[in-house]
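*Asks:* Okay, handing you the structure first.
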Amino acid sequence: MSSKRKVTQSSVLRALAMSFTTAGRGMALDDERGEAPTPLLRLYDMEGSPFCRIVRERLCELQLDVEVYPCPKGGDRYRPLVERLGGKQLFPYLMDPNTGVDLYESADIIDYLYREYGGRPAPAAWRLRTLRTASSFAASLPRGGRGLRSQDSEPAKEPLILYSFEASPFARLVRERLCELQLPFLVRQCGRDQWQDWLLPQVRAALDMDYQPSQRHRQELVARTGRVAIPYLIDPNTGEEHFESGQILDYLQETYAR
């Protein structure tokens, strides 16, 4: 059993700084989002990569659930697979089993997501690619390379399930660790689409608020657990389920880290 990893105040603040740097992208849902495809999109990804981040932001805002296959530097599980499939180890790499489309390059992926699942061209603001990438690069700095390099781990037979939204600093800590451990996971997008979603669970409880989420995965959380708090991890390999980033990180460390 490996030692536990603590969620320090400084790590949360650095993750929160990333959200401010990206101006809150990957937080609220797009008013004209499309329907989630079945089977799910597959994203070969590095959590700390600025190019991967801007794709994940759009997936969140378009409310497109996705299977994430982590490809950190030094990783030996999915990086070689991407090279076999697409001819090179370049990330992000998106596979859409519904259309047979495979894409490198974040800008091309974003254009595709809008056309195929948003029913329209990408907004003009997203065509300012240099500006978007620059802000995403800046967002990587506070975390100092977390979510970029692989660490020894036991493989998971089935992908884990993570209720998350891209800009959440607490979910980011969990996604970084999943990436470092090369653990595949299914993201159930939980972006905010009404004002009550912006309140912390503790605030909603203190106000004795009758919180009725409208977003589908937030509704699932209420039905499953009686509350909404992000992140929430389900591990179908062990039957374990956890709220709170600190508890989730401890669980991943004890279960999968070597």
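Going through the structure tokens in order, the chains are called A, B, and so on, while each chain numbers its residues from 1 and the ligands are numbered from 1 in the order shown.
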Contacts of Arg42 of chain A at 7 Å or less, counting only C-alpha atoms, minus same-chain residues fewer than 3 places along, as a list in words?
*Replies:*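 Within the cut-off, the hits are Val66, Glu67, Val68, Leu94, Met95 and Asp96 of chain A.
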*Asks:* Would you export the selected residues with N, CA and C atoms as a JSON list (two decimals), in the first residue's frame, please?
*Replies:*
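The result, written out as out-v3.json:
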```json
[["chain", "number", "residue", "atom", "x", "y", "z"],
["A", 66, "VAL", "N", -17.16, 11.82, -22.61],
["A", 66, "VAL", "CA", -16.02, 11.34, -23.37],
["A", 66, "VAL", "C", -15.26, 10.30, -22.57],
["A", 67, "GLU", "N", -14.72, 9.31, -23.28],
["A", 67, "GLU", "CA", -13.79, 8.37, -22.68],
["A", 67, "GLU", "C", -12.39, 8.94, -22.83],
["A", 68, "VAL", "N", -11.70, 9.11, -21.71],
["A", 68, "VAL", "CA", -10.36, 9.69, -21.73],
["A", 68, "VAL", "C", -9.33, 8.59, -21.51],
["A", 94, "LEU", "N", -8.39, 12.64, -31.10],
["A", 94, "LEU", "CA", -9.81, 12.31, -30.91],
["A", 94, "LEU", "C", -10.23, 11.23, -31.88],
["A", 95, "MET", "N", -10.94, 10.24, -31.37],
["A", 95, "MET", "CA", -11.56, 9.21, -32.21],
["A", 95, "MET", "C", -13.06, 9.26, -32.01],
["A", 96, "ASP", "N", -13.80, 9.31, -33.10],
["A", 96, "ASP", "CA", -15.26, 9.30, -33.04],
["A", 96, "ASP", "C", -15.75, 8.01, -33.69]]
```
*Asks:* Residues near Tyr163 of chain A, anyone? I mean within 10 Å using only C-alpha atoms, not counting same-chain ones fewer than 6 positions away, as a PyMOL selection string.
*Replies:* chain A and resi 65+171+186-191+217-218+220-221+228-234+243
*Asks:* Atom CA of Pro80 of chain A and atom CA of Pro184 of chain A are how many Å apart?
*Replies:*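 According to the coordinates, atom CA of Pro80 of chain A and atom CA of Pro184 of chain A are separated by 14.9 Å.
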*Asks:* Could you write out, as a ChimeraX atom specification, all the residues of segment 73-195 of chain A that DSSP marks as strand (DSSP E or B)?
*Replies:* /A:73,93-96,101-104,149,153,160-164,185-189,192
*Asks:* Out of A:Ala206, A:Leu181, A:Val222, A:Leu199, which residue has the shortest atom-to-atom distance to Leu252 of chain A when counting only C-alpha atoms?
*Replies:*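 The shortest atom-to-atom distance to Leu252 of chain A comes from A:Leu181.
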*Asks:* Measure the distance from atom CA of Pro50 of chain A to atom CA of Asp152 of chain A in Å and round it to one decimal.
*Replies:*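 The value is 23.7 Å.
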*Asks:* Would you mind telling me which residue in A:Pro155, A:Gly118, A:Gly239, A:Gly145 lies nearest to Ala36 of chain A when using only C-alpha atoms?
*Replies:*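 Smallest distance to Ala36 of chain A is found for A:Gly118.
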*Asks:* Counting only C-alpha atoms, which of A:Met46, A:Leu207, A:Leu62, A:Ala223 gets nearest to Gly75 of chain A?
*Replies:* A:Met46
*Asks:* So that I can check the surroundings of Leu90 of chain A, please list as a list in words every protein, DNA and RNA residue that reaches within 12 Å of it, counting only C-alpha atoms and ignoring chain neighbours fewer than 4 positions away.
*Replies:*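 Residues meeting the cut-off are Leu43, Tyr44, Asp45, Met46, Ser49, Phe51, Cys52, Cys71, Pro72, Lys73, Tyr78, Arg79, Pro80, Leu81, Val82, Glu83, Arg84, Leu85, Gly86, Leu94, Leu103, Tyr104, Glu105 and Ser106 of chain A.
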*Asks:* Next, dump the selected residues to file, keeping only C-alpha atoms, as a PDB file, in the first residue's frame.
*Replies:*
```
ATOM      1  CA  LEU A  43      -9.938  11.355 -26.313  1.00  0.00           C
ATOM      2  CA  TYR A  44      -6.263  10.454 -25.975  1.00  0.00           C
ATOM      3  CA  ASP A  45      -5.116  13.190 -23.675  1.00  0.00           C
ATOM      4  CA  MET A  46      -2.561  14.715 -21.312  1.00  0.00           C
ATOM      5  CA  SER A  49      -1.297  19.932 -21.942  1.00  0.00           C
ATOM      6  CA  PHE A  51      -3.737  21.953 -26.361  1.00  0.00           C
ATOM      7  CA  CYS A  52      -5.672  19.124 -24.726  1.00  0.00           C
ATOM      8  CA  CYS A  71      -1.109   9.613 -22.424  1.00  0.00           C
ATOM      9  CA  PRO A  72       1.395  11.267 -20.055  1.00  0.00           C
ATOM     10  CA  LYS A  73       5.033  11.603 -21.054  1.00  0.00           C
ATOM     11  CA  TYR A  78      -1.894   4.456 -24.735  1.00  0.00           C
ATOM     12  CA  ARG A  79       0.860   6.546 -26.321  1.00  0.00           C
ATOM     13  CA  PRO A  80       2.080   3.606 -28.473  1.00  0.00           C
ATOM     14  CA  LEU A  81      -1.549   2.882 -29.400  1.00  0.00           C
ATOM     15  CA  VAL A  82      -2.024   6.433 -30.690  1.00  0.00           C
ATOM     16  CA  GLU A  83       1.077   6.058 -32.837  1.00  0.00           C
ATOM     17  CA  ARG A  84      -0.271   2.817 -34.301  1.00  0.00           C
ATOM     18  CA  LEU A  85      -3.681   4.356 -34.958  1.00  0.00           C
ATOM     19  CA  GLY A  86      -2.677   7.777 -36.262  1.00  0.00           C
ATOM     20  CA  LEU A  94      -9.813  12.313 -30.911  1.00  0.00           C
ATOM     21  CA  LEU A 103      -8.262  13.892 -35.629  1.00  0.00           C
ATOM     22  CA  TYR A 104      -5.086  15.433 -34.269  1.00  0.00           C
ATOM     23  CA  GLU A 105      -4.752  19.211 -33.651  1.00  0.00           C
ATOM     24  CA  SER A 106      -6.938  20.956 -31.079  1.00  0.00           C
TER      25      SER A 106
END
```
*Asks:* By how many Å are atom CA of Ala124 of chain A and atom CA of Arg192 of chain A apart?
*Replies:*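 Separation between atom CA of Ala124 of chain A and atom CA of Arg192 of chain A: 22.6 Å.
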*Asks:* Closest to Leu249 of chain A among A:Arg172, A:Arg216, A:Arg224, A:Arg204, using only C-alpha atoms?
*Replies:*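 Closest to Leu249 of chain A, using only C-alpha atoms: A:Arg172.
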*Asks:* In segment 42-242 of chain A, what's helix (DSSP H, G or I) per DSSP? Answer as a VMD selection string?
*Replies:* chain A and resid 50 to 61 79 to 86 106 to 118 124 to 127 129 to 143 169 to 180 195 to 198 201 to 206 216 to 225
*Asks:* List the neighbours of Phe185 of chain A out to 7 Å using only C-alpha atoms; skip same-chain residues closer than 4 positions along the sequence, and give me the result as a ChimeraX atom specification.
*Replies:* /A:67-69,159-162
*Asks:* Smallest atom-to-atom distance to Asn237 of chain A: which of A:Glu176, A:Asp102, A:Glu47, A:Glu158, using only C-alpha atoms?
*Replies:*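 Distance minimum relative to Asn237 of chain A lands on A:Glu158.
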